$ cat coords_18.cif   # mmCIF, C-alpha atoms and all ligand atoms
data_model
loop_
_atom_site.label_atom_id
_atom_site.label_comp_id
_atom_site.auth_asym_id
_atom_site.auth_seq_id
_atom_site.Cartn_x
_atom_site.Cartn_y
_atom_site.Cartn_z
CA MET A 1 16.64 -0.46 3.80
CA ASP A 2 15.16 -0.32 7.28
CA LEU A 3 11.65 -1.54 8.01
CA ASP A 4 10.09 1.91 8.47
CA LYS A 5 11.43 3.04 5.11
CA ALA A 6 10.13 -0.05 3.30
CA ILE A 7 6.70 0.36 4.91
CA GLN A 8 6.50 4.08 4.14
CA ASN A 9 7.88 3.78 0.60
CA ARG A 10 5.58 0.92 -0.34
CA ARG A 11 2.99 1.81 -2.91
CA CYS A 12 1.36 0.27 -5.91
CA VAL A 13 3.17 0.89 -9.19
CA ARG A 14 1.39 0.48 -12.51
CA LYS A 15 4.07 1.60 -14.99
CA PHE A 16 7.07 -0.61 -15.51
CA ASN A 17 10.31 0.10 -17.37
CA PRO A 18 10.14 -2.06 -20.54
CA LYS A 19 13.95 -1.98 -20.89
CA LYS A 20 14.79 -3.33 -17.45
CA LYS A 21 14.06 -6.95 -16.63
CA PRO A 22 14.24 -8.03 -12.98
CA ASP A 23 16.44 -10.97 -11.98
CA TRP A 24 14.02 -13.80 -11.20
CA ARG A 25 16.26 -14.90 -8.30
CA THR A 26 15.52 -11.61 -6.55
CA ILE A 27 11.80 -12.33 -6.84
CA ILE A 28 12.37 -15.79 -5.34
CA GLU A 29 14.10 -14.14 -2.36
CA CYS A 30 11.02 -11.94 -1.91
CA ILE A 31 8.74 -14.97 -2.06
CA ASP A 32 10.97 -16.64 0.53
CA SER A 33 10.06 -13.90 3.03
CA ALA A 34 6.42 -15.05 2.84
CA ARG A 35 7.37 -18.25 4.70
CA TYR A 36 7.92 -16.22 7.86
CA ALA A 37 4.39 -14.82 8.07
CA PRO A 38 2.12 -16.01 10.92
CA MET A 39 -0.12 -18.96 9.97
CA ALA A 40 -3.08 -20.23 12.05
CA GLY A 41 -1.85 -23.33 13.94
CA GLY A 42 1.28 -23.26 11.78
CA ASN A 43 -0.73 -24.51 8.79
CA TYR A 44 0.70 -23.11 5.58
CA THR A 45 -2.13 -22.83 3.05
CA LEU A 46 -0.38 -20.75 0.38
CA LYS A 47 1.39 -21.29 -2.93
CA PHE A 48 3.19 -18.72 -5.06
CA ILE A 49 3.42 -19.15 -8.84
CA LEU A 50 6.17 -17.19 -10.59
CA VAL A 51 5.13 -16.59 -14.21
CA SER A 52 7.72 -15.54 -16.82
CA ASP A 53 6.00 -16.83 -19.96
CA GLU A 54 4.99 -13.76 -21.99
CA GLU A 55 1.93 -15.34 -23.52
CA LYS A 56 0.66 -16.40 -20.09
CA ILE A 57 1.33 -12.90 -18.71
CA ASN A 58 -0.75 -11.41 -21.54
CA ARG A 59 -3.57 -13.81 -20.78
CA ILE A 60 -3.34 -13.02 -17.04
CA ALA A 61 -3.58 -9.29 -17.86
CA LYS A 62 -6.77 -10.01 -19.82
CA ALA A 63 -8.15 -12.08 -16.93
CA CYS A 64 -7.45 -9.07 -14.67
CA GLN A 65 -9.01 -6.71 -17.24
CA GLN A 66 -6.02 -4.42 -16.55
CA ASP A 67 -3.61 -3.71 -19.41
CA PHE A 68 -0.70 -2.57 -17.24
CA VAL A 69 -0.27 -6.12 -15.94
CA ALA A 70 0.98 -7.14 -19.40
CA GLN A 71 3.89 -4.65 -19.16
CA ALA A 72 5.50 -6.74 -16.44
CA LYS A 73 8.25 -9.23 -17.26
CA PHE A 74 7.20 -11.37 -14.31
CA VAL A 75 3.92 -11.96 -12.55
CA VAL A 76 3.50 -13.67 -9.20
CA VAL A 77 0.14 -15.29 -8.54
CA VAL A 78 -0.71 -16.11 -4.94
CA CYS A 79 -3.22 -18.86 -4.25
CA SER A 80 -4.33 -20.86 -1.26
CA ASN A 81 -6.10 -24.06 -0.41
CA PRO A 82 -8.15 -23.42 2.74
CA ALA A 83 -9.08 -27.12 3.26
CA ARG A 84 -6.72 -27.66 6.20
CA THR A 85 -7.67 -24.51 8.11
CA ILE A 86 -11.39 -25.21 7.45
CA ASN A 87 -10.95 -28.79 8.77
CA LEU A 88 -9.34 -27.45 11.91
CA TYR A 89 -11.30 -24.28 12.58
CA GLY A 90 -14.59 -24.65 10.67
CA LYS A 91 -16.01 -21.62 8.91
CA LYS A 92 -13.45 -19.34 10.57
CA GLY A 93 -10.72 -21.43 8.96
CA GLY A 94 -11.79 -20.08 5.58
CA CYS A 95 -11.22 -16.54 6.88
CA TYR A 96 -7.89 -17.55 8.43
CA ALA A 97 -6.64 -18.75 5.05
CA LYS A 98 -7.39 -15.28 3.64
CA TYR A 99 -5.86 -13.43 6.60
CA GLN A 100 -2.64 -15.39 6.39
CA ALA A 101 -2.49 -14.86 2.63
CA GLY A 102 -2.62 -11.12 3.40
CA ALA A 103 0.12 -11.40 6.03
CA ALA A 104 2.38 -13.39 3.69
CA VAL A 105 1.70 -11.02 0.82
CA GLU A 106 2.70 -8.00 2.91
CA ASN A 107 6.07 -9.63 3.73
CA PHE A 108 6.54 -10.33 0.04
CA PHE A 109 5.50 -6.81 -0.97
CA LEU A 110 7.89 -5.15 1.51
CA LYS A 111 10.77 -7.32 0.28
CA ILE A 112 9.94 -6.29 -3.30
CA ILE A 113 10.32 -2.64 -2.20
CA GLU A 114 13.53 -3.36 -0.30
CA SER A 115 14.93 -5.06 -3.42
CA GLY A 116 14.34 -1.95 -5.51
CA LEU A 117 11.58 -3.63 -7.51
CA SER A 118 7.97 -2.50 -7.81
CA THR A 119 4.60 -4.15 -7.97
CA CYS A 120 0.88 -3.59 -7.59
CA TRP A 121 -1.50 -5.72 -5.56
CA VAL A 122 -4.10 -6.79 -8.15
CA GLY A 123 -7.20 -8.26 -6.59
CA HIS A 124 -9.61 -7.83 -9.47
CA PHE A 125 -9.53 -10.79 -11.87
CA VAL A 126 -11.75 -13.46 -13.33
CA GLU A 127 -10.68 -16.30 -11.07
CA GLY A 128 -11.72 -19.12 -13.40
CA GLN A 129 -9.55 -17.70 -16.18
CA ILE A 130 -6.44 -17.39 -13.95
CA LYS A 131 -7.01 -20.96 -12.77
CA GLU A 132 -7.27 -22.19 -16.32
CA ILE A 133 -4.11 -20.37 -17.49
CA LEU A 134 -1.98 -21.68 -14.61
CA LYS A 135 -3.67 -25.07 -14.09
CA ILE A 136 -4.57 -24.20 -10.51
CA PRO A 137 -6.61 -27.01 -8.91
CA GLU A 138 -10.35 -26.64 -8.30
CA ASP A 139 -10.00 -26.63 -4.48
CA THR A 140 -7.48 -23.76 -4.52
CA ASP A 141 -8.46 -20.08 -4.48
CA VAL A 142 -6.62 -17.35 -6.34
CA ASP A 143 -5.84 -14.63 -3.78
CA ALA A 144 -3.88 -11.99 -5.66
CA VAL A 145 -1.83 -11.19 -8.73
CA PHE A 146 1.44 -9.20 -8.59
CA PRO A 147 2.96 -7.84 -11.83
CA ILE A 148 6.63 -7.13 -11.09
CA GLY A 149 9.12 -4.78 -12.69
CA TYR A 150 11.21 -1.68 -12.25
CA GLU A 151 9.22 1.50 -11.86
CA LEU A 152 9.22 3.66 -15.00
CA GLU A 153 8.93 7.04 -13.31
CA LYS A 154 8.83 8.22 -9.73
CA PRO A 155 5.64 10.19 -8.95
CA MET A 156 6.06 13.86 -7.94
CA THR A 157 3.71 13.49 -4.99
CA ARG A 158 2.74 10.63 -2.78
CA LYS A 159 -0.88 9.76 -2.06
CA ALA A 160 -1.79 10.87 1.48
CA LYS A 161 -2.43 8.04 3.91
CA ILE A 162 -5.21 7.99 6.46
CA ASP A 163 -4.34 9.79 9.72
CA LEU A 164 -3.58 7.69 12.78
CA ASP A 165 -6.27 9.39 14.86
CA ARG A 166 -8.90 8.16 12.39
CA ILE A 167 -8.09 4.50 12.97
CA LEU A 168 -7.19 4.41 16.68
CA TYR A 169 -9.48 4.00 19.69
CA PHE A 170 -8.64 3.49 23.37
CA ASN A 171 -10.18 0.85 25.61
CA ARG A 172 -13.48 0.80 23.71
CA TYR A 173 -14.67 1.26 20.15
CA GLY A 174 -15.19 4.93 19.34
CA ASN A 175 -13.12 6.34 22.26
CA VAL A 176 -10.52 8.65 20.71
CA GLN A 177 -8.73 9.71 23.89
CA MET A 178 -6.48 7.84 26.31
CA LYS A 179 -7.60 8.82 29.82
CA LYS A 180 -5.09 9.45 32.60
CA GLU A 181 -6.50 6.62 34.77
CA GLU A 182 -6.14 4.27 31.79
CA GLY A 183 -2.43 4.95 31.43
CA GLY A 184 -2.53 8.10 29.35
CA VAL A 185 -1.24 11.57 30.07
CA GLU A 186 -3.31 14.53 31.24
C1 LIG B 1 -7.19 -6.51 -1.84
C2 LIG B 1 -6.66 -5.48 -2.80
C3 LIG B 1 -7.05 -5.51 -4.12
C4 LIG B 1 -6.54 -4.57 -5.04
N1 LIG B 1 -6.85 -4.68 -6.35
C5 LIG B 1 -6.31 -3.83 -7.24
C6 LIG B 1 -6.55 -4.00 -8.63
O1 LIG B 1 -7.23 -4.90 -9.08
N2 LIG B 1 -5.95 -3.11 -9.48
C7 LIG B 1 -5.15 -2.09 -9.05
O2 LIG B 1 -4.64 -1.33 -9.88
N3 LIG B 1 -4.89 -1.91 -7.73
C8 LIG B 1 -5.44 -2.76 -6.83
N4 LIG B 1 -5.14 -2.64 -5.49
C9 LIG B 1 -4.20 -1.60 -5.06
C10 LIG B 1 -4.90 -0.44 -4.37
O3 LIG B 1 -5.64 0.30 -5.30
C11 LIG B 1 -3.84 0.42 -3.66
O4 LIG B 1 -3.21 -0.34 -2.66
C12 LIG B 1 -4.45 1.68 -3.06
O5 LIG B 1 -4.89 2.56 -4.06
C13 LIG B 1 -3.47 2.41 -2.15
O6 LIG B 1 -2.32 2.81 -2.86
P1 LIG B 1 -0.85 2.31 -2.45
O7 LIG B 1 -0.85 0.80 -2.41
O8 LIG B 1 0.03 2.86 -3.54
O9 LIG B 1 -0.54 2.88 -1.10
C14 LIG B 1 -5.64 -3.57 -4.59
C15 LIG B 1 -5.25 -3.54 -3.23
C16 LIG B 1 -5.73 -4.49 -2.36
C17 LIG B 1 -5.26 -4.49 -0.92
#

$ encode --input "coords_18.cif" --output "structure tokens" --more "lines below"
Ligand SMILES: Cc1cc2nc3c(=O)[nH]c(=O)nc-3n(C[C@H](O)[C@H](O)[C@H](O)COP(=O)(O)O)c2cc1C
Amino acid sequence: MDLDKAIQNRRCVRKFNPKKKPDWRTIIECIDSARYAPMAGGNYTLKFILVSDEEKINRIAKACQQDFVAQAKFVVVVCSNPARTINLYGKKGGCYAKYQAGAAVENFFLKIIESGLSTCWVGHFVEGQIKEILKIPEDTDVDAVFPIGYELEKPMTRKAKIDLDRILYFNRYGNVQMKKEEGGVE
């Protein structure tokens, strides 16, 4: 699959086929793509936890307060320890750890799509409960939860995305047109 297709086909799936179990090695390959994301100063702050234990998945679904998470045969939990980026960059380092988690997660998500698997970015959860279930250390934040499976049914329509002209400005905030003298066309 080419990059444009993966980007445009990516969406959050919340219904998984109970009869089809993904190969865990495929998920590892998707996690591998996260290593290539940009990291502030080359400091890798992230860890990925691949969860296959059914009881733990059920408990994670409860911690997320979202039943569909329990339908997945695998769950990937992304967490990060911002200590190193905070040491290097102060308060901003805490933000950097979050930004790079997002960058790594997008690589991972696109690889999931390319592999024919589906997932949903789950950001709502009771962090303390996820930490307890997976024995995540105190100094490490839980960034996101990804239930993974094969999509049960393809939707008839796709949710419209925001138009480009609503997110793009030229040369200053709020300027919606590229002027000729600034390199644009008449
Ligand atoms: C930071 C973040 C947190 C999210 N948390 C949840 C969540 O807890 N549960 C859920 O069903 N979807 C969650 N989503 C998925 C969004 O609802 C979804 O991306 C959005 O509706 C756009 O749909 P699409 O991803 O299919 O394009 C989250 C997405 C992001 C980026």

$ atom_distance --input "coords_18.cif" --atom1 "atom CA of Gln66 of chain A" --atom2 "atom CA of Lys21 of chain A"
20.2 Å

$ axis_aligned_box --input "coords_18.cif" --around "ligand LIG 1 (chain B)" --padding-each-side "6 Å" --output "JSON"
{"center_x": -3.6, "center_y": -1.8, "center_z": -5.4, "size_x": 19.3, "size_y": 21.4, "size_z": 21.0}

$ residues_near_point --input "coords_18.cif" --point "(-3.3, -13.1, -4.0)" --cutoff "8 Å" --atoms "all atoms listed in the file" --output "list in words"
Val77, Val78, Cys79, Ala101, Gly102, Val105, Trp121, Val122, Gly123, Val142, Asp143, Ala144, Val145 and Phe146 of chain A

$ residues_near_ligand --input "coords_18.cif" --ligand "ligand LIG 1 (chain B)" --cutoff "7 Å" --atoms "only C-alpha atoms and all ligand atoms" --output "list in words"
Arg10, Arg11, Cys12, Val13, Arg14, Cys64, Cys120, Trp121, Val122, Gly123, His124, Phe125 and Lys159 of chain A

$ atom_distance --input "coords_18.cif" --atom1 "atom CA of Pro22 of chain A" --atom2 "atom CA of Gly149 of chain A"
6.1 Å

$ atom_distance --input "coords_18.cif" --atom1 "atom CA of Arg59 of chain A" --atom2 "atom CA of Ile113 of chain A"
25.7 Å

$ closest_residue --input "coords_18.cif" --among "A:Tyr44, A:Arg172, A:Lys154, A:Cys30" --to "Leu110 of chain A" --atoms "all atoms listed in the file"
A:Cys30

$ closest_residue --input "coords_18.cif" --among "A:Gly94, A:Gly183, A:Pro38, A:Gly174" --to "Asn107 of chain A" --atoms "only C-alpha atoms"
A:Pro38

$ residues_around --input "coords_18.cif" --residues "Ile31 of chain A" --least-positions-apart "6" --cutoff "9 Å" --atoms "all atoms listed in the file" --output "list in words"
Phe48, Val76, Ala104, Val105, Asn107, Phe108, Phe109, Lys111 and Ile112 of chain A

$ closest_residue --input "coords_18.cif" --among "A:Val75, A:Ala70, A:Ala103, A:Ile136" --to "Ala37 of chain A" --atoms "only C-alpha atoms"
A:Ala103

$ closest_residue --input "coords_18.cif" --among "A:Leu3, A:Phe170, A:Lys73, A:Ser33" --to "Ile148 of chain A" --atoms "all atoms listed in the file"
A:Lys73

$ residues_around --input "coords_18.cif" --residues "Gln100 of chain A" --least-positions-apart "6" --cutoff "10 Å" --atoms "only C-alpha atoms" --output "list in words"
Ala34, Ala37, Pro38, Met39, Ala40, Asn43, Tyr44, Thr45, Leu46, Ser80 and Glu106 of chain A

$ write_last_selection --input "coords_18.cif" --atoms "C-alpha atoms" --output "compact mmCIF listing (two decimals), keeping the file's coordinate frame"
# COMPACT_ATOMS: atom_id res chain seq x y z
CA ALA A 34 6.42 -15.05 2.84
CA ALA A 37 4.39 -14.82 8.07
CA PRO A 38 2.12 -16.01 10.92
CA MET A 39 -0.12 -18.96 9.97
CA ALA A 40 -3.08 -20.23 12.05
CA ASN A 43 -0.73 -24.51 8.79
CA TYR A 44 0.70 -23.11 5.58
CA THR A 45 -2.13 -22.83 3.05
CA LEU A 46 -0.38 -20.75 0.38
CA SER A 80 -4.33 -20.86 -1.26
CA GLU A 106 2.70 -8.00 2.91

$ closest_residue --input "coords_18.cif" --among "A:Thr85, A:Thr119, A:Gln177, A:Gln129" --to "Gln71 of chain A" --atoms "only C-alpha atoms"
A:Thr119

$ residues_near_point --input "coords_18.cif" --point "(4.5, -9.0, -25.4)" --cutoff "12 Å" --atoms "only C-alpha atoms" --output "list in words"
Pro18, Ser52, Asp53, Glu54, Glu55, Lys56, Ile57, Asn58, Arg59, Ala61, Asp67, Phe68, Val69, Ala70, Gln71, Ala72, Lys73 and Phe74 of chain A

$ write_last_selection --input "coords_18.cif" --atoms "C-alpha atoms" --output "mmCIF file, keeping the file's coordinate frame"
data_model
loop_
_atom_site.group_PDB
_atom_site.id
_atom_site.type_symbol
_atom_site.label_atom_id
_atom_site.label_comp_id
_atom_site.auth_asym_id
_atom_site.auth_seq_id
_atom_site.Cartn_x
_atom_site.Cartn_y
_atom_site.Cartn_z
ATOM 1 C CA PRO A 18 10.140 -2.060 -20.540
ATOM 2 C CA SER A 52 7.720 -15.540 -16.820
ATOM 3 C CA ASP A 53 6.000 -16.830 -19.960
ATOM 4 C CA GLU A 54 4.990 -13.760 -21.990
ATOM 5 C CA GLU A 55 1.930 -15.340 -23.520
ATOM 6 C CA LYS A 56 0.660 -16.400 -20.090
ATOM 7 C CA ILE A 57 1.330 -12.900 -18.710
ATOM 8 C CA ASN A 58 -0.750 -11.410 -21.540
ATOM 9 C CA ARG A 59 -3.570 -13.810 -20.780
ATOM 10 C CA ALA A 61 -3.580 -9.290 -17.860
ATOM 11 C CA ASP A 67 -3.610 -3.710 -19.410
ATOM 12 C CA PHE A 68 -0.700 -2.570 -17.240
ATOM 13 C CA VAL A 69 -0.270 -6.120 -15.940
ATOM 14 C CA ALA A 70 0.980 -7.140 -19.400
ATOM 15 C CA GLN A 71 3.890 -4.650 -19.160
ATOM 16 C CA ALA A 72 5.500 -6.740 -16.440
ATOM 17 C CA LYS A 73 8.250 -9.230 -17.260
ATOM 18 C CA PHE A 74 7.200 -11.370 -14.310
#

$ closest_residue --input "coords_18.cif" --among "A:Trp24, A:Pro147, A:Pro82, A:Asn9" --to "Tyr99 of chain A" --atoms "only C-alpha atoms"
A:Pro82
